[in-house]
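Have a look at protein.txt; it's compact mmCIF, C-alpha atoms:
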```txt
# COMPACT_ATOMS: atom_id res chain seq x y z
CA MET R 711 -11.55 -28.46 -45.27
CA ALA R 712 -12.87 -26.60 -42.22
CA THR R 713 -16.15 -24.73 -42.72
CA GLU R 714 -16.12 -20.94 -42.22
CA PRO R 715 -17.70 -20.94 -38.72
CA MET R 716 -15.36 -23.76 -37.69
CA ARG R 717 -12.39 -21.84 -39.14
CA GLU R 718 -13.35 -18.77 -37.09
CA LYS R 719 -13.55 -20.91 -33.97
CA LEU R 720 -10.10 -22.35 -34.69
CA ILE R 721 -8.56 -18.92 -35.03
CA GLU R 722 -10.32 -17.40 -32.03
CA SER R 723 -8.44 -17.56 -28.76
CA ASN R 724 -9.64 -18.65 -25.35
CA PRO R 725 -9.30 -15.49 -23.23
CA PHE R 726 -9.70 -17.39 -19.96
CA VAL R 727 -6.76 -19.67 -20.70
CA ASP R 728 -4.76 -16.93 -22.39
CA VAL R 729 -4.95 -14.58 -19.40
CA ALA R 730 -4.24 -17.41 -16.97
CA THR R 731 -1.25 -18.42 -19.08
CA HIS R 732 0.16 -14.90 -19.26
CA LEU R 733 0.08 -14.71 -15.47
CA PHE R 734 1.66 -18.11 -15.16
CA LEU R 735 4.40 -17.05 -17.58
CA GLU R 736 5.00 -13.96 -15.43
CA ASP R 737 5.50 -16.30 -12.47
CA ILE R 738 8.04 -18.32 -14.44
CA ALA R 739 9.88 -15.10 -15.28
CA ASP R 740 9.93 -14.14 -11.58
CA LYS R 741 11.70 -17.42 -10.80
CA GLN R 742 13.83 -17.98 -13.90
CA GLY R 743 14.26 -14.54 -15.44
CA ALA R 744 13.83 -13.53 -19.06
CA SER R 745 16.14 -16.25 -20.41
CA GLY R 746 14.24 -18.99 -18.53
CA LEU R 747 10.92 -17.66 -19.79
CA ASN R 748 12.28 -17.44 -23.32
CA ASN R 749 13.30 -21.11 -23.19
CA TYR R 750 9.90 -22.06 -21.83
CA LEU R 751 8.04 -20.16 -24.56
CA MET R 752 10.17 -21.65 -27.30
CA SER R 753 9.68 -25.17 -25.98
CA LEU R 754 5.92 -24.56 -25.65
CA ALA R 755 5.70 -23.52 -29.30
CA THR R 756 7.99 -26.27 -30.57
CA ASN R 757 6.05 -28.85 -28.61
CA LEU R 758 2.80 -27.67 -30.18
CA ALA R 759 4.19 -27.86 -33.71
CA LYS R 760 5.58 -31.34 -33.06
CA SER R 761 2.19 -32.53 -31.84
CA MET R 762 0.65 -31.61 -35.21
CA PRO R 763 0.74 -33.90 -38.25
CA GLU R 764 3.48 -33.54 -40.88
CA GLU R 765 2.51 -32.38 -44.37
CA GLU R 766 3.73 -32.94 -47.91
CA TYR R 767 2.66 -31.18 -51.09
CA ASP R 768 3.59 -31.90 -54.68
CA THR R 769 3.63 -28.28 -55.82
CA TRP R 770 4.01 -24.81 -54.32
CA ASP R 771 0.55 -23.85 -55.65
CA GLU R 772 -1.00 -26.78 -53.81
CA PHE R 773 0.76 -25.64 -50.64
CA LEU R 774 -0.44 -22.04 -51.13
CA GLU R 775 -4.02 -23.23 -51.48
CA ALA R 776 -3.74 -25.16 -48.19
CA LEU R 777 -2.23 -22.08 -46.50
CA LYS R 778 -4.99 -19.76 -47.67
CA ASN R 779 -7.74 -22.18 -46.65
CA GLY R 780 -6.23 -22.79 -43.23
CA ASN R 781 -5.67 -26.45 -44.01
CA SER R 782 -1.95 -26.31 -43.33
CA ILE R 783 -0.66 -26.51 -39.76
CA LEU R 784 1.16 -23.23 -40.47
CA THR R 785 -2.10 -21.31 -40.74
CA ALA R 786 -4.26 -23.37 -38.37
CA PHE R 787 -4.43 -20.48 -35.93
CA GLU R 788 -4.35 -17.43 -38.16
CA GLU R 789 -6.06 -15.93 -41.17
CA VAL R 790 -3.58 -15.06 -43.90
CA PHE R 791 -3.44 -13.73 -47.41
CA MET R 792 -0.54 -13.90 -49.82
CA PRO R 793 0.31 -10.85 -51.94
CA THR R 794 2.98 -12.93 -53.73
CA LYS R 795 3.78 -16.62 -53.88
CA ASN R 796 6.27 -16.38 -51.02
CA CYS R 797 5.03 -13.50 -48.91
CA VAL R 798 2.46 -14.30 -46.23
CA VAL R 799 0.48 -11.65 -44.36
CA THR R 800 -1.41 -12.33 -41.12
CA ARG R 801 -4.39 -10.02 -40.82
CA ARG R 802 -4.84 -10.16 -37.04
CA SER R 803 -2.74 -11.61 -34.23
CA PRO R 804 -4.35 -14.75 -32.77
CA PHE R 805 -3.28 -13.43 -29.35
CA GLU R 806 -5.11 -10.11 -29.62
CA ARG R 807 -8.30 -11.15 -27.86
CA GLY R 808 -6.41 -12.68 -24.92
CA TRP R 809 -4.29 -9.55 -24.57
CA GLN R 810 -7.39 -7.32 -24.66
CA GLU R 811 -9.00 -9.48 -21.97
CA TYR R 812 -5.82 -9.20 -19.85
CA VAL R 813 -5.80 -5.41 -20.18
CA LYS R 814 -9.48 -5.30 -19.25
CA ARG R 815 -9.38 -7.73 -16.30
CA VAL R 816 -5.85 -7.43 -14.88
CA GLY R 817 -4.42 -4.10 -16.06
CA SER R 818 -1.43 -3.06 -18.17
CA PHE R 819 0.47 -5.93 -19.76
CA SER R 820 3.39 -6.76 -17.49
CA ARG R 821 6.72 -5.32 -18.62
CA ILE R 822 8.28 -8.80 -18.50
CA HIS R 823 6.50 -9.70 -21.75
CA GLU R 824 8.56 -7.02 -23.50
CA GLU R 825 11.74 -7.82 -21.58
CA VAL R 826 11.65 -11.45 -22.68
CA ALA R 827 11.16 -10.26 -26.28
CA GLU R 828 14.26 -8.08 -25.89
CA TYR R 829 16.15 -11.17 -24.74
CA TYR R 830 14.82 -13.16 -27.71
CA ASN R 831 15.73 -10.34 -30.09
CA SER R 832 19.32 -10.33 -28.88
CA ALA R 833 19.76 -14.10 -28.46
CA VAL R 834 17.66 -15.62 -31.26
CA LYS R 835 16.51 -13.09 -33.89
CA PRO R 836 15.37 -9.47 -33.67
CA THR R 837 11.72 -9.81 -34.68
CA ALA R 838 9.62 -9.96 -31.49
CA ILE R 839 7.75 -7.17 -29.69
CA ASN R 840 6.49 -9.25 -26.79
CA SER R 841 6.42 -12.80 -25.41
CA LEU R 842 3.56 -13.80 -27.72
CA HIS R 843 5.69 -13.24 -30.79
CA ILE R 844 8.27 -15.64 -29.41
CA ILE R 845 5.61 -18.34 -29.27
CA HIS R 846 4.16 -17.46 -32.65
CA GLN R 847 7.42 -17.17 -34.56
CA THR R 848 8.95 -20.26 -32.96
CA PHE R 849 5.78 -22.18 -33.78
CA ARG R 850 5.93 -21.07 -37.43
CA ALA R 851 9.58 -22.11 -37.72
CA ALA R 852 8.93 -25.50 -36.12
CA ALA R 853 5.74 -26.05 -38.16
CA ALA R 854 7.53 -25.15 -41.43
CA GLU R 855 10.08 -27.85 -40.65
CA ARG R 856 7.26 -30.39 -40.72
CA ILE R 857 6.23 -29.47 -44.25
CA THR R 858 7.77 -30.49 -47.57
CA VAL R 859 6.86 -29.18 -51.01
CA GLY R 860 8.10 -31.20 -53.97
CA GLY R 861 10.30 -33.10 -51.55
CA LYS R 862 11.99 -29.97 -50.21
CA ARG R 863 11.66 -28.71 -46.65
CA VAL R 864 9.79 -25.39 -46.27
CA ARG R 865 11.73 -22.52 -44.71
CA TYR R 866 10.26 -19.62 -42.76
CA ALA R 867 11.54 -16.12 -42.01
CA GLN R 868 9.81 -13.28 -40.19
CA ILE R 869 9.99 -9.93 -41.99
CA ALA R 870 7.98 -7.61 -39.78
CA THR R 871 5.68 -7.67 -36.78
CA VAL R 872 3.02 -5.21 -35.65
CA TRP R 873 1.36 -5.45 -32.25
CA THR R 874 -2.24 -4.51 -31.46
CA ASP R 875 -1.16 -1.12 -30.05
CA GLY R 876 0.58 -0.26 -33.35
CA GLU R 877 4.19 -0.90 -32.30
CA LYS R 878 6.22 -2.26 -35.21
CA LYS R 879 9.34 -4.39 -35.42
CA ILE R 880 11.02 -4.83 -38.78
CA VAL R 881 14.10 -7.01 -39.31
CA PRO R 882 17.43 -5.12 -39.33
CA ASP R 883 18.23 -3.06 -42.44
CA GLU R 884 21.03 -5.39 -43.47
CA TRP R 885 18.62 -8.35 -43.60
CA LEU R 886 15.72 -6.55 -45.24
CA PRO R 887 16.77 -6.38 -48.94
CA VAL R 888 17.40 -10.14 -49.09
CA LEU R 889 14.13 -11.01 -47.38
CA LEU R 890 12.09 -8.54 -49.45
CA ALA R 891 13.62 -9.91 -52.65
CA LYS R 892 12.70 -13.46 -51.64
CA ALA R 893 9.21 -12.29 -50.68
CA GLY R 894 8.81 -10.39 -53.94
CA ILE R 895 7.67 -7.13 -52.38
CA SER R 896 9.22 -3.67 -52.15
CA ARG R 897 9.95 -1.67 -49.00
CA THR R 898 6.99 0.59 -49.82
CA GLU R 899 4.69 -2.41 -50.24
CA LEU R 900 5.92 -3.71 -46.88
CA ASN R 901 5.00 -0.42 -45.22
CA MET R 902 1.58 -0.54 -46.88
CA LEU R 903 1.01 -4.04 -45.53
CA LEU R 904 2.07 -3.00 -42.03
CA ARG R 905 -0.63 -0.32 -41.83
CA ASN R 906 -3.45 -2.72 -41.07
CA ASN R 907 -2.04 -6.21 -40.64
CA ALA R 908 -0.27 -8.06 -37.83
CA ASP R 909 2.64 -9.91 -39.45
CA VAL R 910 4.51 -10.11 -42.72
CA TRP R 911 6.51 -13.29 -43.20
CA LEU R 912 8.21 -15.35 -45.82
CA LEU R 913 7.98 -18.99 -46.90
CA TYR R 914 10.34 -20.59 -49.41
CA THR R 915 12.31 -23.71 -50.21
CA ASP R 916 16.05 -23.88 -50.89
CA MET O 1414 -3.33 -20.83 -30.14
CA LEU O 1415 -1.94 -20.38 -26.64
CA ASP O 1416 -4.61 -22.70 -25.25
CA VAL O 1417 -3.81 -25.40 -27.82
CA ALA O 1418 -0.11 -25.03 -27.01
CA LEU O 1419 -0.85 -25.56 -23.33
CA VAL O 1420 -2.93 -28.65 -24.09
CA SER O 1421 -0.04 -30.09 -26.09
CA LEU O 1422 2.09 -29.80 -22.94
CA ILE O 1423 -0.29 -31.80 -20.75
CA GLN O 1424 0.96 -35.19 -21.92
CA ASP O 1425 4.59 -34.22 -21.52
CA MET O 1426 3.96 -32.60 -18.16
CA SER O 1427 2.02 -35.61 -16.88
CA GLU O 1428 4.78 -37.97 -17.95
CA LYS O 1429 7.46 -35.87 -16.23
CA ALA O 1430 5.64 -34.57 -13.14
CA GLY O 1431 2.87 -37.19 -12.93
CA VAL O 1432 -0.85 -36.50 -13.21
CA ASP O 1433 -0.83 -35.16 -9.65
CA GLY O 1434 1.86 -32.69 -10.75
CA THR O 1435 -0.41 -31.54 -13.59
CA ILE O 1436 -3.26 -31.09 -11.13
CA GLN O 1437 -1.06 -28.91 -8.94
CA TYR O 1438 0.03 -26.94 -12.02
CA TRP O 1439 -3.57 -26.27 -13.11
CA GLN O 1440 -4.54 -25.34 -9.57
CA ARG O 1441 -1.72 -22.79 -9.46
CA VAL O 1442 -2.85 -21.40 -12.82
CA GLY O 1443 -6.41 -20.97 -11.51
CA GLU O 1444 -5.26 -19.52 -8.21
CA ASN O 1445 -2.85 -17.09 -9.81
CA LEU O 1446 -5.45 -15.83 -12.27
CA ALA O 1447 -7.98 -15.21 -9.51
CA ARG O 1448 -5.43 -13.46 -7.31
CA ARG O 1449 -4.42 -11.05 -10.05
CA ILE O 1450 -7.98 -10.10 -10.96
CA GLY O 1451 -8.31 -8.32 -7.63
CA LYS O 1452 -10.96 -7.50 -5.07
CA GLU O 1453 -14.60 -6.50 -5.59
CA ALA O 1454 -17.38 -5.35 -3.28
CA TYR O 1455 -21.14 -5.17 -3.85
CA MET O 1456 -23.99 -3.66 -1.85
CA GLY O 1457 -26.16 -6.74 -2.14
CA TRP O 1458 -27.08 -9.74 -4.25
CA PRO O 1459 -29.05 -7.74 -6.86
CA SER O 1460 -26.05 -5.55 -7.68
CA PHE O 1461 -23.76 -8.61 -7.80
CA ASN O 1462 -26.14 -10.46 -10.13
CA VAL O 1463 -26.45 -7.43 -12.41
CA ALA O 1464 -22.65 -7.12 -12.49
CA LEU O 1465 -22.42 -10.79 -13.44
CA ARG O 1466 -24.96 -10.40 -16.24
CA GLU O 1467 -23.02 -7.41 -17.55
CA GLY O 1468 -19.71 -9.27 -17.40
CA ARG O 1469 -18.13 -7.01 -14.77
CA THR O 1470 -17.12 -9.49 -12.09
CA GLY O 1471 -14.05 -11.68 -11.79
CA PHE O 1472 -16.24 -14.68 -12.62
CA SER O 1473 -17.10 -13.08 -15.97
CA ILE O 1474 -13.77 -13.96 -17.56
CA GLU O 1475 -15.27 -17.42 -18.02
CA GLY O 1476 -17.80 -15.97 -20.46
CA ASP O 1477 -21.54 -15.49 -20.07
CA VAL O 1478 -22.39 -16.59 -16.56
CA ILE O 1479 -26.14 -16.95 -16.04
CA PRO O 1480 -27.44 -16.17 -12.55
CA LEU O 1481 -30.36 -18.54 -11.91
CA THR O 1482 -32.12 -16.09 -9.65
CA ASP O 1483 -35.10 -18.43 -9.25
CA LEU O 1484 -32.75 -20.75 -7.39
CA ALA O 1485 -31.84 -18.86 -4.25
CA ILE O 1486 -29.93 -20.47 -1.41
CA THR O 1487 -31.34 -19.60 2.01
CA ASP O 1488 -29.94 -19.95 5.50
CA VAL O 1489 -31.64 -21.38 8.58
CA ASP O 1490 -33.55 -18.12 9.02
CA GLY O 1491 -34.81 -18.14 5.44
CA ASP O 1492 -32.60 -15.24 4.35
CA VAL O 1493 -31.11 -15.36 0.86
CA VAL O 1494 -27.38 -16.07 1.21
CA GLY O 1495 -26.55 -17.14 -2.34
CA TYR O 1496 -27.69 -18.31 -5.75
CA ILE O 1497 -27.02 -20.98 -8.32
CA TYR O 1498 -25.06 -19.91 -11.43
CA ALA O 1499 -24.45 -21.67 -14.68
CA LEU O 1500 -22.47 -21.61 -17.92
CA ARG O 1501 -24.36 -22.62 -21.03
CA GLN O 1502 -21.09 -23.73 -22.57
CA CYS O 1503 -17.90 -24.76 -20.80
CA VAL O 1504 -15.13 -22.24 -21.44
CA PHE O 1505 -12.92 -25.02 -22.69
CA VAL O 1506 -15.19 -26.47 -25.36
CA PRO O 1507 -13.80 -24.09 -28.02
CA THR O 1508 -10.28 -25.14 -26.97
CA ILE O 1509 -11.21 -28.82 -27.17
CA LEU O 1510 -12.58 -28.20 -30.69
CA ARG O 1511 -9.44 -26.30 -31.67
CA VAL O 1512 -7.28 -29.17 -30.44
CA ARG O 1513 -9.50 -31.64 -32.30
CA TYR O 1514 -9.15 -29.80 -35.61
CA SER O 1515 -5.51 -28.70 -35.36
CA VAL O 1516 -3.69 -31.47 -33.49
CA GLY O 1517 -6.17 -34.30 -33.95
CA GLU O 1518 -7.17 -35.42 -30.46
CA LEU O 1519 -6.83 -34.49 -26.82
CA PRO O 1520 -3.81 -36.05 -25.14
CA ARG O 1521 -4.48 -39.22 -23.15
CA ALA O 1522 -3.36 -37.33 -20.07
CA ASP O 1523 -6.56 -35.26 -20.21
CA ARG O 1524 -8.61 -38.22 -18.99
CA ALA O 1525 -5.90 -39.39 -16.59
CA VAL O 1526 -5.72 -35.96 -14.92
CA ALA O 1527 -9.51 -35.77 -14.59
CA GLU O 1528 -9.69 -39.26 -13.08
CA GLU O 1529 -6.90 -38.56 -10.60
CA TYR O 1530 -8.61 -35.32 -9.59
CA ASN O 1531 -11.90 -37.17 -9.11
CA ASN O 1532 -10.21 -39.77 -6.93
CA SER O 1533 -8.03 -37.50 -4.86
CA VAL O 1534 -9.64 -34.06 -4.71
CA HIS O 1535 -13.29 -33.79 -5.76
CA ASP O 1536 -15.34 -36.17 -7.90
CA ILE O 1537 -16.57 -33.50 -10.32
CA ALA O 1538 -14.11 -33.30 -13.24
CA VAL O 1539 -15.20 -34.30 -16.74
CA CYS O 1540 -11.91 -33.16 -18.26
CA ASN O 1541 -8.57 -31.91 -16.96
CA PHE O 1542 -9.61 -28.27 -17.33
CA CYS O 1543 -12.25 -28.63 -14.60
CA VAL O 1544 -9.29 -28.46 -12.20
CA ILE O 1545 -8.57 -24.85 -13.21
CA HIS O 1546 -12.22 -23.86 -13.06
CA GLU O 1547 -12.90 -25.10 -9.57
CA LYS O 1548 -9.78 -23.54 -8.07
CA PHE O 1549 -10.26 -20.29 -9.98
CA ARG O 1550 -13.83 -19.82 -8.74
CA GLU O 1551 -12.94 -20.73 -5.16
CA GLU O 1552 -10.21 -18.09 -5.17
CA VAL O 1553 -12.23 -15.41 -7.00
CA ALA O 1554 -15.04 -15.83 -4.46
CA LYS O 1555 -12.59 -15.09 -1.64
CA ASN O 1556 -11.85 -11.71 -3.23
CA ILE O 1557 -15.48 -10.59 -3.44
CA THR O 1558 -17.71 -9.27 -0.68
CA ILE O 1559 -21.45 -8.73 -0.72
CA ALA O 1560 -22.77 -6.47 2.03
CA GLY O 1561 -19.35 -6.83 3.66
CA GLN O 1562 -19.42 -10.62 3.74
CA HIS O 1563 -16.93 -12.80 1.89
CA LEU O 1564 -18.16 -15.37 -0.60
CA GLU O 1565 -17.44 -18.97 -1.35
CA SER O 1566 -18.00 -20.92 -4.55
CA LEU O 1567 -19.10 -24.54 -4.68
CA LEU O 1568 -18.95 -26.48 -7.92
CA LEU O 1569 -22.15 -28.52 -8.19
CA ALA O 1570 -22.35 -30.24 -11.56
CA THR O 1571 -20.53 -30.55 -14.88
CA ARG O 1572 -21.31 -31.93 -18.32
CA GLY O 1573 -18.41 -32.79 -20.57
CA PHE O 1574 -17.86 -32.52 -24.31
CA THR O 1575 -18.86 -36.16 -24.80
CA GLY O 1576 -21.98 -35.92 -22.63
CA GLU O 1577 -20.52 -37.37 -19.44
CA THR O 1578 -22.00 -35.74 -16.35
CA LYS O 1579 -20.73 -35.37 -12.80
CA ILE O 1580 -22.74 -34.18 -9.82
CA SER O 1581 -21.09 -33.25 -6.54
CA GLU O 1582 -22.89 -35.13 -3.78
CA ARG O 1583 -20.61 -33.46 -1.25
CA ASN O 1584 -21.53 -29.90 -2.20
CA LEU O 1585 -25.20 -30.60 -2.84
CA LYS O 1586 -25.50 -32.15 0.60
CA LYS O 1587 -23.92 -29.04 2.10
CA LEU O 1588 -26.51 -26.85 0.37
CA GLY O 1589 -29.45 -29.19 0.91
CA ILE O 1590 -30.21 -29.44 -2.80
CA ASN O 1591 -31.73 -32.52 -4.42
CA PRO O 1592 -29.32 -33.99 -7.03
CA GLU O 1593 -32.22 -34.54 -9.46
CA HIS O 1594 -32.86 -30.82 -9.44
CA VAL O 1595 -29.30 -30.12 -10.59
CA ARG O 1596 -29.39 -33.01 -13.05
CA SER O 1597 -32.23 -31.30 -14.89
CA LEU O 1598 -30.15 -28.11 -15.09
CA LEU O 1599 -27.45 -30.05 -16.93
CA ARG O 1600 -29.80 -30.42 -19.89
CA ASN O 1601 -29.36 -26.70 -20.56
CA TYR O 1602 -26.03 -25.94 -18.93
CA GLU O 1603 -22.55 -27.48 -18.96
CA CYS O 1604 -21.33 -26.16 -15.63
CA VAL O 1605 -23.42 -25.39 -12.55
CA TYR O 1606 -22.08 -23.83 -9.37
CA ALA O 1607 -23.22 -21.99 -6.29
CA ILE O 1608 -21.97 -18.69 -4.93
CA LEU O 1609 -22.90 -18.02 -1.34
CA MET O 1610 -21.80 -16.06 1.67
CA LYS O 1611 -18.97 -17.76 3.51
CA GLY O 1612 -19.67 -19.26 6.90
CA VAL O 1613 -23.48 -19.00 6.83
CA LYS O 1614 -25.57 -21.59 8.62
CA LEU O 1615 -27.56 -23.53 6.04
CA LYS O 1616 -30.56 -25.76 6.50
CA GLU O 1617 -29.77 -29.46 6.84
CA ALA O 1618 -30.53 -31.52 3.76
```
Please express what this file holds, its structure, as structure tokens.
Amino acid sequence: MATEPMREKLIESNPFVDVATHLFLEDIADKQGASGLNNYLMSLATNLAKSMPEEEYDTWDEFLEALKNGNSILTAFEEVFMPTKNCVVTRRSPFERGWQEYVKRVGSFSRIHEEVAEYYNSAVKPTAINSLHIIHQTFRAAAAERITVGGKRVRYAQIATVWTDGEKKIVPDEWLPVLLAKAGISRTELNMLLRNNADVWLLYTD
Amino acid sequence: MLDVALVSLIQDMSEKAGVDGTIQYWQRVGENLARRIGKEAYMGWPSFNVALREGRTGFSIEGDVIPLTDLAITDVDGDVVGYIYALRQCVFVPTILRVRYSVGELPRADRAVAEEYNNSVHDIAVCNFCVIHEKFREEVAKNITIAGQHLESLLLATRGFTGETKISERNLKKLGINPEHVRSLLRNYECVYAILMKGVKLKEA
């Protein structure tokens, strides 16, 4: 198990690389448009998940313990807590520091990062606010596919996303009751969680 | 996370575009970052060095840059035209650690890219990320003026995660600095470079 200082280092981003990457992604968007960038981001995240080792757990409790301690690939880059056995809450976006560095060194975040999220929301699923959520959510989905609990594959679904500036994105109303029921939280509890956290998501097995 | 994702692409990228393709990719990343950071102007070296210490210059995105103001670079007339600067820790060490503890190990392409860069561009890389650094600093320097004069950056020495060191004979010769002097700096620092006014006439080594 990673020690606390090591865990903090794992979660922390590298602002130099993050800012450089954002600019490079903007270049890709200039050449290939929002759909090209979306494909690139999704392949980047999938590639990362595939490069990480597969996991198997005997019980859901064992899996939850690994999630909370950051020992699962799913939570290697984020600090989470779990209000219920299926609902996962990320306290702070792992991309926040890189974004803050971008805003400080380069200026306002380029509009393309939101445009590609709009493309993702219409073509894949409506849960992203900017390009970083495409990476993060695709990574979680691909990482979940590498994990089994009691022989069953883990499934992931995003419920709500909040960006550093406070903008929120919650799944469409028609999806929400099902996801909240699976997560074991109410709509009010979701809103409470969204006040001061970055993501609310769901893990389950069929 | 974004940095670890990029590292996971290196192997794939090197297999598809070759290690030279990865070098070009990293150079574009460094160049693009520097270009977008924009221009800066300073009255003189003291104000530039203070700005560096306070993290206000384009170079500061790399973290805490230490101006070694006891190591001035002088021209043929003895005027100060630059200084030596250093990073106590390479910007990429945290990324290397994150890769180590999340993926398991750096891709083999990391070494291959560094070796190709050393053979074909500049024998100074201790890992593939050195490619970004060198290009980034060269380009940032072009965007900064001190007393109206443009700057240039010369990478002098690097120490890698595993202790491997590289010293640039080419750049040290240009500045007339004894390699042993820089070697001793590598005990405390992982990356040593010079920033000086572009086009000045330096003393012969």
8 Å contact set for Asp1488 (chain O), only C-alpha atoms, chain neighbours under 3 positions out, as a ChimeraX atom specification: /O:1491-1494,1613-1616
For Glu828 (chain R): contacts at 12 Å, only C-alpha atoms, fewer than 2 positions along chain excluded, given as a VMD selection string: chain R and resid 744 to 745 747 to 748 821 to 826 830 to 841 843 to 844 879
Shell of 8 Å around Asp768 (chain R), only C-alpha atoms, local chain residues under 2 positions omitted, as a ChimeraX atom specification: /R:766,770,772-773,859-861
Per residue of chain R within 10 Å of chain O, which atom pair is closest and at what distance in Å (one decimal), using only C-alpha atoms, listed by chain and increasing number, as JSON lines?
```
{"residue": "R:Ala712", "atom": "CA", "partner": "O:Tyr1514", "partner_atom": "CA", "distance": 8.2}
{"residue": "R:Met716", "atom": "CA", "partner": "O:Leu1510", "partner_atom": "CA", "distance": 8.7}
{"residue": "R:Arg717", "atom": "CA", "partner": "O:Arg1511", "partner_atom": "CA", "distance": 9.2}
{"residue": "R:Lys719", "atom": "CA", "partner": "O:Pro1507", "partner_atom": "CA", "distance": 6.8}
{"residue": "R:Leu720", "atom": "CA", "partner": "O:Arg1511", "partner_atom": "CA", "distance": 5.0}
{"residue": "R:Ile721", "atom": "CA", "partner": "O:Met1414", "partner_atom": "CA", "distance": 7.4}
{"residue": "R:Glu722", "atom": "CA", "partner": "O:Met1414", "partner_atom": "CA", "distance": 8.0}
{"residue": "R:Ser723", "atom": "CA", "partner": "O:Met1414", "partner_atom": "CA", "distance": 6.2}
{"residue": "R:Asn724", "atom": "CA", "partner": "O:Asp1416", "partner_atom": "CA", "distance": 6.5}
{"residue": "R:Pro725", "atom": "CA", "partner": "O:Ile1474", "partner_atom": "CA", "distance": 7.4}
{"residue": "R:Phe726", "atom": "CA", "partner": "O:Ile1474", "partner_atom": "CA", "distance": 5.8}
{"residue": "R:Val727", "atom": "CA", "partner": "O:Asp1416", "partner_atom": "CA", "distance": 5.9}
{"residue": "R:Asp728", "atom": "CA", "partner": "O:Leu1415", "partner_atom": "CA", "distance": 6.2}
{"residue": "R:Val729", "atom": "CA", "partner": "O:Leu1446", "partner_atom": "CA", "distance": 7.3}
{"residue": "R:Ala730", "atom": "CA", "partner": "O:Leu1446", "partner_atom": "CA", "distance": 5.1}
{"residue": "R:Thr731", "atom": "CA", "partner": "O:Val1442", "partner_atom": "CA", "distance": 7.1}
{"residue": "R:His732", "atom": "CA", "partner": "O:Leu1446", "partner_atom": "CA", "distance": 9.0}
{"residue": "R:Leu733", "atom": "CA", "partner": "O:Leu1446", "partner_atom": "CA", "distance": 6.5}
{"residue": "R:Phe734", "atom": "CA", "partner": "O:Val1442", "partner_atom": "CA", "distance": 6.1}
{"residue": "R:Leu735", "atom": "CA", "partner": "O:Val1442", "partner_atom": "CA", "distance": 9.7}
{"residue": "R:Asp737", "atom": "CA", "partner": "O:Asn1445", "partner_atom": "CA", "distance": 8.8}
{"residue": "R:Leu751", "atom": "CA", "partner": "O:Ala1418", "partner_atom": "CA", "distance": 9.8}
{"residue": "R:Ser753", "atom": "CA", "partner": "O:Leu1422", "partner_atom": "CA", "distance": 9.4}
{"residue": "R:Leu754", "atom": "CA", "partner": "O:Ala1418", "partner_atom": "CA", "distance": 6.2}
{"residue": "R:Ala755", "atom": "CA", "partner": "O:Ala1418", "partner_atom": "CA", "distance": 6.4}
{"residue": "R:Thr756", "atom": "CA", "partner": "O:Ala1418", "partner_atom": "CA", "distance": 8.9}
{"residue": "R:Asn757", "atom": "CA", "partner": "O:Ser1421", "partner_atom": "CA", "distance": 6.7}
{"residue": "R:Leu758", "atom": "CA", "partner": "O:Ala1418", "partner_atom": "CA", "distance": 5.0}
{"residue": "R:Ala759", "atom": "CA", "partner": "O:Ala1418", "partner_atom": "CA", "distance": 8.4}
{"residue": "R:Lys760", "atom": "CA", "partner": "O:Ser1421", "partner_atom": "CA", "distance": 9.0}
{"residue": "R:Ser761", "atom": "CA", "partner": "O:Val1516", "partner_atom": "CA", "distance": 6.2}
{"residue": "R:Met762", "atom": "CA", "partner": "O:Val1516", "partner_atom": "CA", "distance": 4.7}
{"residue": "R:Pro763", "atom": "CA", "partner": "O:Val1516", "partner_atom": "CA", "distance": 6.9}
{"residue": "R:Gly780", "atom": "CA", "partner": "O:Ser1515", "partner_atom": "CA", "distance": 9.9}
{"residue": "R:Asn781", "atom": "CA", "partner": "O:Ser1515", "partner_atom": "CA", "distance": 8.9}
{"residue": "R:Ser782", "atom": "CA", "partner": "O:Ser1515", "partner_atom": "CA", "distance": 9.1}
{"residue": "R:Ile783", "atom": "CA", "partner": "O:Ser1515", "partner_atom": "CA", "distance": 6.9}
{"residue": "R:Thr785", "atom": "CA", "partner": "O:Ser1515", "partner_atom": "CA", "distance": 9.8}
{"residue": "R:Ala786", "atom": "CA", "partner": "O:Ser1515", "partner_atom": "CA", "distance": 6.2}
{"residue": "R:Phe787", "atom": "CA", "partner": "O:Met1414", "partner_atom": "CA", "distance": 5.9}
{"residue": "R:Glu788", "atom": "CA", "partner": "O:Met1414", "partner_atom": "CA", "distance": 8.8}
{"residue": "R:Pro804", "atom": "CA", "partner": "O:Met1414", "partner_atom": "CA", "distance": 6.7}
{"residue": "R:Phe805", "atom": "CA", "partner": "O:Met1414", "partner_atom": "CA", "distance": 7.4}
{"residue": "R:Gly808", "atom": "CA", "partner": "O:Leu1415", "partner_atom": "CA", "distance": 9.1}
{"residue": "R:Glu811", "atom": "CA", "partner": "O:Ile1474", "partner_atom": "CA", "distance": 7.9}
{"residue": "R:Tyr812", "atom": "CA", "partner": "O:Ile1450", "partner_atom": "CA", "distance": 9.2}
{"residue": "R:Lys814", "atom": "CA", "partner": "O:Ile1450", "partner_atom": "CA", "distance": 9.7}
{"residue": "R:Arg815", "atom": "CA", "partner": "O:Ile1450", "partner_atom": "CA", "distance": 6.0}
{"residue": "R:Val816", "atom": "CA", "partner": "O:Ile1450", "partner_atom": "CA", "distance": 5.2}
{"residue": "R:Gly817", "atom": "CA", "partner": "O:Ile1450", "partner_atom": "CA", "distance": 8.6}
{"residue": "R:Leu842", "atom": "CA", "partner": "O:Leu1415", "partner_atom": "CA", "distance": 8.6}
{"residue": "R:Ile845", "atom": "CA", "partner": "O:Leu1415", "partner_atom": "CA", "distance": 8.3}
{"residue": "R:His846", "atom": "CA", "partner": "O:Met1414", "partner_atom": "CA", "distance": 8.6}
{"residue": "R:Phe849", "atom": "CA", "partner": "O:Ala1418", "partner_atom": "CA", "distance": 9.4}
```
